[in-house]
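Novice: File name model36.cif; file contents mmCIF, C-alpha atoms; full text below.
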data_structure
#
loop_
_atom_site.label_atom_id
_atom_site.label_comp_id
_atom_site.auth_asym_id
_atom_site.auth_seq_id
_atom_site.Cartn_x
_atom_site.Cartn_y
_atom_site.Cartn_z
CA MET A 1 -14.71 -11.34 -24.97
CA GLU A 2 -13.97 -7.86 -23.76
CA TYR A 3 -12.96 -7.29 -20.18
CA GLY A 4 -14.46 -3.91 -19.36
CA LEU A 5 -14.48 -2.12 -16.06
CA GLU A 6 -17.34 -3.90 -14.39
CA LYS A 7 -15.95 -7.28 -15.36
CA ILE A 8 -12.61 -6.42 -13.81
CA LEU A 9 -13.93 -4.75 -10.67
CA LYS A 10 -16.48 -7.48 -9.93
CA SER A 11 -14.20 -10.42 -10.44
CA TYR A 12 -11.09 -12.14 -9.20
CA THR A 13 -8.56 -11.30 -11.86
CA ALA A 14 -4.89 -12.19 -11.60
CA LEU A 15 -2.37 -11.58 -14.36
CA LYS A 16 1.25 -11.98 -15.27
CA VAL A 17 2.35 -8.79 -17.01
CA ARG A 18 5.32 -7.00 -18.51
CA PHE A 19 4.99 -3.29 -17.87
CA GLU A 20 6.60 0.08 -18.33
CA PHE A 21 5.49 3.33 -16.73
CA PRO A 22 6.21 6.72 -18.30
CA GLU A 23 9.20 8.52 -16.80
CA THR A 24 6.83 11.13 -15.40
CA VAL A 25 5.31 8.63 -12.95
CA LYS A 26 7.06 9.16 -9.64
CA TYR A 27 5.49 6.28 -7.73
CA PRO A 28 4.66 3.29 -9.97
CA ASN A 29 2.16 0.92 -8.39
CA LEU A 30 3.13 -2.55 -9.63
CA PRO A 31 5.10 -4.59 -7.11
CA VAL A 32 8.05 -6.76 -8.13
CA ARG A 33 9.73 -9.23 -5.80
CA LEU A 34 13.51 -9.06 -5.54
CA ASP A 35 13.90 -11.99 -3.19
CA PHE A 36 11.89 -13.72 -0.46
CA SER A 37 11.66 -10.62 1.68
CA SER A 38 11.95 -7.56 -0.59
CA VAL A 39 9.35 -5.96 -2.83
CA ILE A 40 10.08 -2.91 -4.99
CA PHE A 41 7.91 -0.76 -7.24
CA PRO A 42 10.03 -0.18 -10.36
CA ARG A 43 9.15 1.81 -13.47
CA LYS A 44 9.64 -1.22 -15.69
CA GLY A 45 9.52 -4.95 -15.11
CA GLU A 46 7.58 -8.17 -15.03
CA THR A 47 5.25 -9.23 -12.27
CA PHE A 48 2.00 -10.79 -11.15
CA CYS A 49 -0.80 -8.38 -10.29
CA THR A 50 -4.53 -8.24 -9.68
CA GLY A 51 -7.07 -6.67 -12.02
CA ILE A 52 -7.50 -3.70 -9.66
CA GLU A 53 -3.75 -3.04 -9.67
CA LEU A 54 -3.79 -3.23 -13.44
CA LEU A 55 -6.57 -0.61 -13.57
CA LEU A 56 -4.53 1.82 -11.52
CA SER A 57 -1.40 1.24 -13.58
CA LEU A 58 -3.31 1.93 -16.79
CA ARG A 59 -4.68 5.13 -15.32
CA LEU A 60 -1.09 6.15 -14.63
CA GLY A 61 -0.30 5.69 -18.31
CA CYS A 62 1.50 2.37 -17.98
CA THR A 63 2.11 0.24 -21.06
CA VAL A 64 1.19 -3.35 -20.25
CA GLU A 65 1.76 -6.59 -22.07
CA ILE A 66 -0.32 -9.41 -20.62
CA ARG A 67 1.65 -12.67 -20.50
CA GLY A 68 -1.19 -14.71 -19.05
CA GLY A 69 -3.88 -14.63 -16.44
CA VAL A 70 -7.20 -15.79 -15.18
CA TRP A 71 -10.57 -14.15 -14.67
CA ILE A 72 -13.21 -15.50 -12.29
CA PRO A 73 -16.40 -13.42 -12.01
CA PHE A 74 -18.19 -12.61 -8.75
CA LYS A 75 -21.44 -14.50 -8.30
CA SER A 76 -23.24 -11.16 -8.25
CA LEU A 77 -21.84 -10.07 -11.61
CA LYS A 78 -24.65 -10.00 -14.11
CA ILE A 79 -23.29 -10.84 -17.52
CA THR A 80 -25.38 -9.63 -20.40
CA SER A 81 -23.33 -11.00 -23.28
CA LYS A 82 -24.45 -14.08 -25.21
CA SER A 83 -21.93 -16.53 -23.80
CA SER A 84 -22.50 -17.97 -20.34
CA LYS A 85 -20.31 -17.23 -17.35
CA SER A 86 -18.93 -20.75 -17.20
CA THR A 87 -17.51 -20.59 -20.69
CA GLN A 88 -15.90 -17.25 -19.92
CA LYS A 89 -13.97 -18.59 -16.96
CA ASN A 90 -10.93 -19.12 -19.14
CA PHE A 91 -7.33 -18.15 -19.17
CA ILE A 92 -6.70 -14.82 -20.80
CA ARG A 93 -4.29 -15.76 -23.52
CA GLU A 94 -4.50 -12.65 -25.63
CA PRO A 95 -4.21 -8.95 -24.83
CA LEU A 96 -7.97 -8.52 -24.49
CA LEU A 97 -7.60 -5.61 -22.16
CA SER A 98 -5.88 -3.44 -24.74
CA GLU A 99 -9.28 -2.83 -26.34
CA THR A 100 -10.75 -1.51 -23.12
CA ILE A 101 -7.95 0.74 -21.93
CA VAL A 102 -9.94 3.91 -22.65
CA ASP A 103 -12.88 2.75 -20.56
CA LEU A 104 -10.66 1.49 -17.78
CA THR A 105 -9.05 4.87 -17.28
CA LYS A 106 -12.24 6.89 -16.80
CA GLU A 107 -12.94 7.61 -13.16
CA GLN A 108 -16.68 8.06 -13.58
CA GLU A 109 -16.83 4.64 -15.20
CA VAL A 110 -15.17 3.13 -12.16
CA GLU A 111 -17.79 4.71 -9.89
CA LYS A 112 -20.56 3.46 -12.13
CA ALA A 113 -19.16 -0.04 -12.31
CA LEU A 114 -18.85 -0.29 -8.56
CA ASN A 115 -22.28 1.31 -7.94
CA LEU A 116 -20.52 3.77 -5.68
CA GLN A 117 -22.49 6.86 -6.60
CA SER A 118 -24.99 8.14 -4.07
CA SER A 119 -28.55 9.02 -5.01
CA ASP A 120 -27.60 12.59 -5.93
CA GLY A 121 -24.90 11.18 -8.20
CA LYS A 122 -22.14 13.33 -6.73
CA ASN A 123 -20.62 11.66 -3.72
CA TYR A 124 -19.34 8.20 -2.97
CA ARG A 125 -21.80 6.18 -1.02
CA ILE A 126 -19.87 4.92 1.94
CA LEU A 127 -20.58 1.99 4.20
CA GLN A 128 -21.61 4.20 7.11
CA GLU A 129 -24.35 5.76 4.99
CA LYS A 130 -25.71 2.33 4.18
CA LEU A 131 -25.66 1.48 7.86
CA SER A 132 -27.47 4.65 8.93
CA VAL A 133 -30.24 3.90 6.45
CA GLY A 134 -30.31 0.34 7.78
CA LYS A 135 -30.90 -1.05 4.35
CA LYS A 136 -28.86 -3.46 2.29
CA ASP A 137 -28.61 -3.60 -1.44
CA ASP A 138 -30.20 -6.58 -3.09
CA ASP A 139 -26.82 -7.58 -4.43
CA SER A 140 -24.96 -7.15 -1.14
CA THR A 141 -22.04 -9.53 -0.85
CA GLN A 142 -21.53 -12.50 1.45
CA PHE A 143 -19.48 -10.64 4.03
CA PHE A 144 -21.63 -7.52 4.10
CA SER A 145 -24.01 -8.67 6.83
CA VAL A 146 -21.13 -9.71 9.11
CA VAL A 147 -19.29 -6.43 8.61
CA GLU A 148 -22.55 -4.55 9.16
CA LYS A 149 -23.28 -6.41 12.40
CA VAL A 150 -19.78 -5.80 13.77
CA LEU A 151 -19.77 -2.10 12.89
CA LEU A 152 -23.24 -1.57 14.37
CA GLU A 153 -22.07 -3.21 17.61
CA ARG A 154 -18.96 -1.04 17.60
CA ILE A 155 -20.84 2.26 17.55
CA LYS A 156 -22.85 1.19 20.61
CA HIS A 157 -19.69 1.63 22.69
CA PRO A 158 -17.99 4.98 23.37
CA LYS A 159 -15.05 5.84 21.16
CA GLY A 160 -11.76 4.95 22.87
CA SER A 161 -13.33 2.25 25.08
CA TYR A 162 -12.16 -1.36 25.19
CA MET A 163 -15.24 -2.80 23.47
CA ASN A 164 -15.11 -0.16 20.73
CA LEU A 165 -11.49 -1.08 20.08
CA LEU A 166 -12.23 -4.79 20.13
CA TYR A 167 -15.01 -4.48 17.55
CA LYS A 168 -12.63 -2.46 15.39
CA PHE A 169 -10.11 -5.33 15.57
CA ILE A 170 -12.85 -7.80 14.69
CA ALA A 171 -13.86 -5.75 11.66
CA ASN A 172 -10.24 -5.53 10.55
CA ALA A 173 -9.39 -9.17 11.25
CA GLY A 174 -11.23 -10.69 8.30
CA ILE A 175 -8.94 -9.50 5.54
CA GLY A 176 -5.87 -10.68 7.47
CA GLN A 177 -7.44 -14.10 8.00
CA MET A 178 -7.91 -14.53 4.27
CA ALA A 179 -4.15 -14.30 3.74
CA ARG A 180 -3.06 -16.11 6.89
CA GLY A 181 -0.45 -18.75 6.24
CA LEU A 182 -0.10 -18.10 2.52
CA ASN A 183 3.52 -17.01 2.80
CA GLN A 184 4.58 -19.87 5.09
CA LYS A 185 6.00 -17.29 7.48
CA THR A 186 7.21 -18.37 10.90
CA ARG A 187 6.66 -16.87 14.32
CA TYR A 188 8.01 -17.48 17.78
CA ASP A 189 6.03 -20.05 19.75
CA ILE A 190 6.32 -19.44 23.48
CA SER A 191 5.18 -22.97 24.45
CA THR A 192 7.96 -24.75 22.56
CA ASN A 193 10.54 -21.92 22.53
CA SER A 194 10.95 -22.30 18.79
CA GLN A 195 9.89 -20.79 15.47
CA LYS A 196 6.77 -22.35 13.99
CA THR A 197 5.15 -21.92 10.58
CA ILE A 198 1.96 -19.87 10.81
CA PRO A 199 -0.86 -22.27 9.92
CA SER A 200 -3.66 -21.41 7.52
CA GLY A 201 -7.07 -20.67 8.99
CA GLU A 202 -10.51 -21.71 7.77
CA LEU A 203 -11.00 -18.39 6.01
CA VAL A 204 -7.81 -18.46 3.94
CA SER A 205 -8.17 -17.93 0.20
CA PRO A 206 -5.62 -16.42 -2.18
CA LEU A 207 -8.50 -15.09 -4.28
CA TYR A 208 -9.83 -12.97 -1.44
CA ALA A 209 -6.42 -12.04 -0.04
CA GLY A 210 -5.23 -10.33 -3.20
CA MET B 1 -0.14 -0.53 23.15
CA SER B 2 1.27 1.27 26.17
CA LEU B 3 -0.02 0.69 29.68
CA LYS B 4 -1.17 4.30 29.71
CA SER B 5 -3.29 3.66 26.60
CA ILE B 6 -4.67 0.46 28.10
CA GLY B 7 -5.69 2.30 31.28
CA SER B 8 -7.45 4.94 29.19
CA LEU B 9 -9.67 2.23 27.63
CA TYR B 10 -11.59 2.23 30.91
CA PRO B 11 -12.44 5.91 31.49
CA ASN B 12 -15.07 5.12 34.15
CA LEU B 13 -12.62 3.25 36.36
CA PRO B 14 -9.72 4.58 38.45
CA LEU B 15 -7.15 3.02 36.11
CA GLU B 16 -5.23 6.06 35.01
CA LYS B 17 -1.51 5.41 34.91
CA ILE B 18 0.42 7.45 37.46
CA GLU B 19 2.80 9.91 35.85
CA ILE B 20 6.40 10.00 37.06
CA THR B 21 9.35 12.10 35.96
CA GLN B 22 11.78 11.02 33.25
CA ARG B 23 14.51 10.81 35.87
CA GLU B 24 12.43 8.46 38.03
CA LEU B 25 11.60 6.40 34.98
CA VAL B 26 15.21 5.76 33.98
CA ASP B 27 16.41 5.07 37.53
CA MET B 28 13.80 3.01 39.34
CA SER B 29 16.20 2.00 42.15
CA ASN B 30 16.77 5.61 43.03
CA PHE B 31 13.04 6.32 42.75
CA PHE B 32 12.42 3.52 45.28
CA GLU B 33 15.13 4.83 47.63
CA VAL B 34 13.96 8.42 47.52
CA ASP B 35 10.18 7.95 47.67
CA PRO B 36 9.17 4.36 48.55
CA GLU B 37 5.51 5.21 49.14
CA ARG B 38 5.06 6.83 45.74
CA PHE B 39 7.02 4.02 44.15
CA LYS B 40 4.63 1.51 45.73
CA GLU B 41 1.59 3.47 44.60
CA TYR B 42 3.01 3.67 41.04
CA ALA B 43 3.82 -0.04 40.86
CA LEU B 44 0.48 -1.15 42.30
CA GLN B 45 -1.45 1.03 39.90
CA ASP B 46 0.39 -0.59 36.98
CA ALA B 47 -0.46 -4.02 38.37
CA LYS B 48 -4.14 -3.03 38.74
CA ILE B 49 -4.30 -1.91 35.11
CA VAL B 50 -2.75 -5.17 33.93
CA LEU B 51 -5.02 -7.29 36.13
CA TRP B 52 -8.22 -5.50 35.10
CA HIS B 53 -7.37 -5.58 31.41
CA THR B 54 -6.40 -9.26 31.56
CA LEU B 55 -9.75 -10.13 33.15
CA GLU B 56 -11.61 -8.02 30.57
CA VAL B 57 -9.81 -9.78 27.73
CA GLN B 58 -10.54 -13.18 29.27
CA ASN B 59 -14.23 -12.31 29.71
CA SER B 60 -14.57 -11.01 26.20
CA HIS B 61 -12.82 -14.10 24.84
CA TYR B 62 -15.50 -16.18 26.52
CA PHE B 63 -18.25 -13.83 25.31
CA PHE B 64 -17.09 -13.93 21.70
CA SER B 65 -15.63 -17.42 21.33
CA LYS B 66 -16.82 -19.41 24.35
CA LYS B 67 -13.20 -20.00 25.34
CA TYR B 68 -12.28 -19.11 28.89
CA THR B 69 -8.60 -18.50 28.23
CA ILE B 70 -6.46 -15.46 27.63
CA PRO B 71 -5.73 -15.00 23.92
CA VAL B 72 -2.16 -14.04 23.02
CA THR B 73 -3.33 -10.90 21.19
CA LEU B 74 -6.59 -9.02 20.73
CA SER B 75 -6.28 -9.69 17.03
CA SER B 76 -6.30 -13.44 17.63
CA LEU B 77 -9.44 -13.01 19.74
CA ALA B 78 -11.00 -10.99 16.92
CA SER B 79 -10.04 -13.57 14.30
CA SER B 80 -11.36 -16.41 16.40
CA TYR B 81 -14.74 -14.65 16.79
CA LEU B 82 -15.01 -13.83 13.11
CA GLU B 83 -14.19 -17.38 12.11
CA THR B 84 -16.86 -18.73 14.47
CA GLU B 85 -19.41 -16.17 13.28
CA LEU B 86 -18.87 -16.89 9.61
CA LEU B 87 -18.55 -20.65 9.76
CA THR B 88 -21.17 -21.58 12.36
CA GLU B 89 -23.79 -19.23 11.01
CA GLY B 90 -23.36 -20.78 7.59
CA LYS B 91 -22.54 -17.43 6.06
CA TYR B 92 -19.28 -18.64 4.64
CA HIS B 93 -18.37 -21.80 2.82
CA PRO B 94 -14.62 -22.26 2.47
CA PRO B 95 -13.86 -22.89 -1.19
CA THR B 96 -13.00 -26.48 -2.02
CA GLN B 97 -12.40 -28.40 -5.21
CA ASN B 98 -14.36 -31.62 -5.65
CA GLY B 99 -14.71 -31.61 -1.86
CA LEU B 100 -11.14 -32.94 -1.74
CA ILE B 101 -8.82 -29.96 -1.93
CA SER B 102 -9.39 -26.96 0.26
CA MET B 103 -7.60 -23.64 0.24
CA ARG B 104 -5.99 -24.61 3.54
CA ASN B 105 -4.10 -27.33 1.73
CA ILE B 106 -2.56 -25.31 -1.07
CA PRO B 107 0.80 -27.16 -0.91
CA LYS B 108 -1.12 -30.39 -1.63
CA ILE B 109 -2.25 -29.02 -4.97
CA LEU B 110 1.26 -29.24 -6.36
CA THR B 111 1.56 -32.98 -5.88
CA PRO B 112 0.81 -35.70 -8.44
CA SER B 113 -2.55 -36.46 -6.80
CA GLY B 114 -3.28 -32.78 -6.20
CA VAL B 115 -2.82 -31.77 -9.81
CA GLU B 116 -5.14 -34.51 -10.98
CA LEU B 117 -7.77 -34.09 -8.29
CA SER B 118 -7.92 -30.31 -8.15
CA GLY B 119 -9.63 -29.77 -11.48
CA ASP B 120 -8.58 -26.43 -12.97
CA LEU B 121 -7.39 -25.12 -9.61
CA HIS B 122 -3.75 -26.08 -10.14
CA GLU B 123 -3.76 -24.16 -13.41
CA TYR B 124 -4.72 -20.79 -11.98
CA ILE B 125 -3.86 -20.82 -8.28
CA ASP B 126 -0.32 -19.62 -8.96
CA TYR B 127 -1.61 -16.42 -10.59
CA PHE B 128 -3.48 -15.53 -7.41
CA LEU B 129 -0.65 -16.55 -5.12
CA GLY B 130 1.81 -14.50 -7.17
CA SER B 131 -0.51 -11.49 -7.08
CA TYR B 132 -0.60 -11.43 -3.30
CA HIS B 133 2.09 -9.01 -2.18
CA GLY B 134 0.71 -7.82 1.15
CA GLY B 135 0.37 -4.16 2.03
CA ARG B 136 2.67 -1.46 0.71
CA ASN B 137 4.56 0.29 3.44
CA GLU B 138 6.96 2.96 2.38
CA SER B 139 8.51 6.13 3.71
CA TYR B 140 9.05 8.80 1.08
CA ILE B 141 10.96 11.11 3.40
CA TYR B 142 13.93 10.26 5.59
CA GLY B 143 15.55 12.09 8.47
CA ILE B 144 14.37 15.26 10.18
CA VAL B 145 11.43 16.91 8.41
CA LYS B 146 11.03 20.67 8.56
CA GLY B 147 7.64 22.20 7.88
CA ASP B 148 4.25 20.51 7.53
CA PHE B 149 3.73 16.95 6.49
CA TYR B 150 0.52 14.98 6.12
CA ASP B 151 -0.47 11.49 7.18
CA TYR B 152 -3.40 10.09 5.20
CA ASP B 153 -5.54 7.35 6.66
CA LEU B 154 -8.49 5.48 5.19
CA PRO B 155 -11.10 4.97 7.91
CA GLY B 156 -12.64 1.52 7.77
CA ALA B 157 -10.57 0.47 4.75
CA TYR B 158 -10.36 -3.23 5.67
CA PRO B 159 -14.02 -3.83 6.55
CA THR B 160 -15.12 -1.79 3.51
CA ALA B 161 -12.98 -3.96 1.25
CA MET B 162 -14.23 -7.10 2.95
CA ALA B 163 -17.87 -6.07 2.54
CA MET B 164 -17.31 -5.81 -1.21
CA ILE B 165 -15.85 -9.30 -1.60
CA ASP B 166 -18.21 -11.78 -3.19
CA TYR B 167 -18.22 -15.49 -3.87
CA PRO B 168 -16.36 -16.55 -6.99
CA ASP B 169 -18.77 -17.99 -9.51
#
Could the structure of this file be written out as structure tokens, please?

Specialist:
Amino acid sequence: MEYGLEKILKSYTALKVRFEFPETVKYPNLPVRLDFSSVIFPRKGETFCTGIELLLSLRLGCTVEIRGGVWIPFKSLKITSKSSKSTQKNFIREPLLSETIVDLTKEQEVEKALNLQSSDGKNYRILQEKLSVGKKDDDSTQFFSVVEKVLLERIKHPKGSYMNLLYKFIANAGIGQMARGLNQKTRYDISTNSQKTIPSGELVSPLYAG
Amino acid sequence: MSLKSIGSLYPNLPLEKIEITQRELVDMSNFFEVDPERFKEYALQDAKIVLWHTLEVQNSHYFFSKKYTIPVTLSSLASSYLETELLTEGKYHPPTQNGLISMRNIPKILTPSGVELSGDLHEYIDYFLGSYHGGRNESYIYGIVKGDFYDYDLPGAYPTAMAMIDYPD
């Protein structure tokens, strides 16, 4: 199976890769952990990354060797190939992406795959535009309605006011909640005067967090 | 957030922080000695800002989460509301495996029972955990900067990303 742009962008993809960026790339994008608290972005190395990070690295001209990985499609991804989704939910054990590098590096293909083009085909369709029209796409995702509700409430309050700020925090809180507790970090607990491990919340999921 | 910024969240109320000089700021004892009335006015205004904001936060915590307590941070209030909204409205179903292993119990997956009971989860969870690096925060310039520099911000980046997340199939 080929893993083209749409299949990468509309999926949870996580990979272990060996990589090397050309010397001309000033700011490589693949993170590598040095120890428990330091992350660097070297020109060459081995790391875990998401499919989206891989796309960017390929567009920067990076050479990538995939050591292993997993691909889980979004529910909304419509697969047209013969095999069913369930049989495609396998480990990637071969460098399947090497065949699709050309497609993955084309910006217009990214826009197309994400359905980001507006009706005139020129500009990115942003969330605010969707909200002003008051219409959702048929394939809108599970969190869309919640984000929409929060952002619509936010604009009812003057910019700079307490409620406007609070709704902004609410809109921003979701992503943080999906990663909460993953790193087993500790924080000071005023009630016991000690450091306590940050617990995971109900929304935590390493798939969403990455 | 500074007290001045907090006061400015309520533009229709007389909660503007009183400005004092840098000298008064660094030597409060002297400020009190020299001008006790102004010192009192300054201190009371600060207390009013704190009191009003505390009550607002408490009220909004009740409004959003039906808890009449003061949350430690606004972010925790926001998280609490979002969790309630998503879970009670049935808009979100936390992923589980066989109804036995939830994402909240990731350490349990790497146990003898966890490996056996978690289906394929134990085989791929490490790829996703390894791929989570948090946000990149880096300064490309150090020291005193002469000339123009630019600070780029992505408005609504987090909620936009969240709106695009879909259920895994």

Novice: Distance limit 6 Å, atoms considered: only C-alpha atoms. Which chain A residues sit that close to chain B? Return them as a ChimeraX atom specification.

Specialist: /A:14,48-50,73-75,141-144,160-162,169-173,200,205-207,210

Novice: Between atom CA of A:Glu23 and atom CA of A:Ile52, what distance in Å does the model show, to one decimal?

Specialist: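 A separation of 21.9 Å between them.
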
Novice: So which one's closest to A:Leu55, A:Asn164, A:Thr186, A:Gln177, A:Thr13? Using all atoms listed in the file, please.

Specialist: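 Closest to A:Leu55 of all the choices is A:Thr13.
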
Novice: For atom CA of A:Phe21 and atom CA of B:Leu154, quote the distance in Å rounded to one decimal.

Specialist: 26.1 Å

Novice: Using all atoms listed in the file, which residues sit within 10 Å of A:Val39 once same-chain residues fewer than 3 positions away are excluded, as a ChimeraX atom specification?

Specialist: /A:30-36,42 /B:133-134,136

Novice: Only C-alpha atoms, please: the residues just picked out, written as a PDB file, in the coordinates of the input.

Specialist:
ATOM      1  CA  LEU A  30       3.130  -2.550  -9.630  1.00  0.00           C
ATOM      2  CA  PRO A  31       5.100  -4.590  -7.110  1.00  0.00           C
ATOM      3  CA  VAL A  32       8.050  -6.760  -8.130  1.00  0.00           C
ATOM      4  CA  ARG A  33       9.730  -9.230  -5.800  1.00  0.00           C
ATOM      5  CA  LEU A  34      13.510  -9.060  -5.540  1.00  0.00           C
ATOM      6  CA  ASP A  35      13.900 -11.990  -3.190  1.00  0.00           C
ATOM      7  CA  PHE A  36      11.890 -13.720  -0.460  1.00  0.00           C
ATOM      8  CA  PRO A  42      10.030  -0.180 -10.360  1.00  0.00           C
TER       9      PRO A  42
ATOM     10  CA  HIS B 133       2.090  -9.010  -2.180  1.00  0.00           C
ATOM     11  CA  GLY B 134       0.710  -7.820   1.150  1.00  0.00           C
ATOM     12  CA  ARG B 136       2.670  -1.460   0.710  1.00  0.00           C
TER      13      ARG B 136
END

Novice: Using the chain letters and numbering of this document, enumerate as a PyMOL selection string the residues selected by the PyMOL selection byres ((chain A and resi 60) around 8).

Specialist: chain A and resi 21+25+28+56-59+61-62

Novice: Any chance you could work out the residue set of the PyMOL selection byres ((chain A and resi 201) around 8) here, as a VMD selection string?

Specialist: (chain A and resid 177 to 178 180 to 181 199 to 200 202 to 204) or (chain B and resid 104)

Novice: Nearest residue to B:Lys4 out of B:Asp35, B:Lys146, B:Pro71, B:Asp46, using all atoms listed in the file?

Specialist: B:Asp46
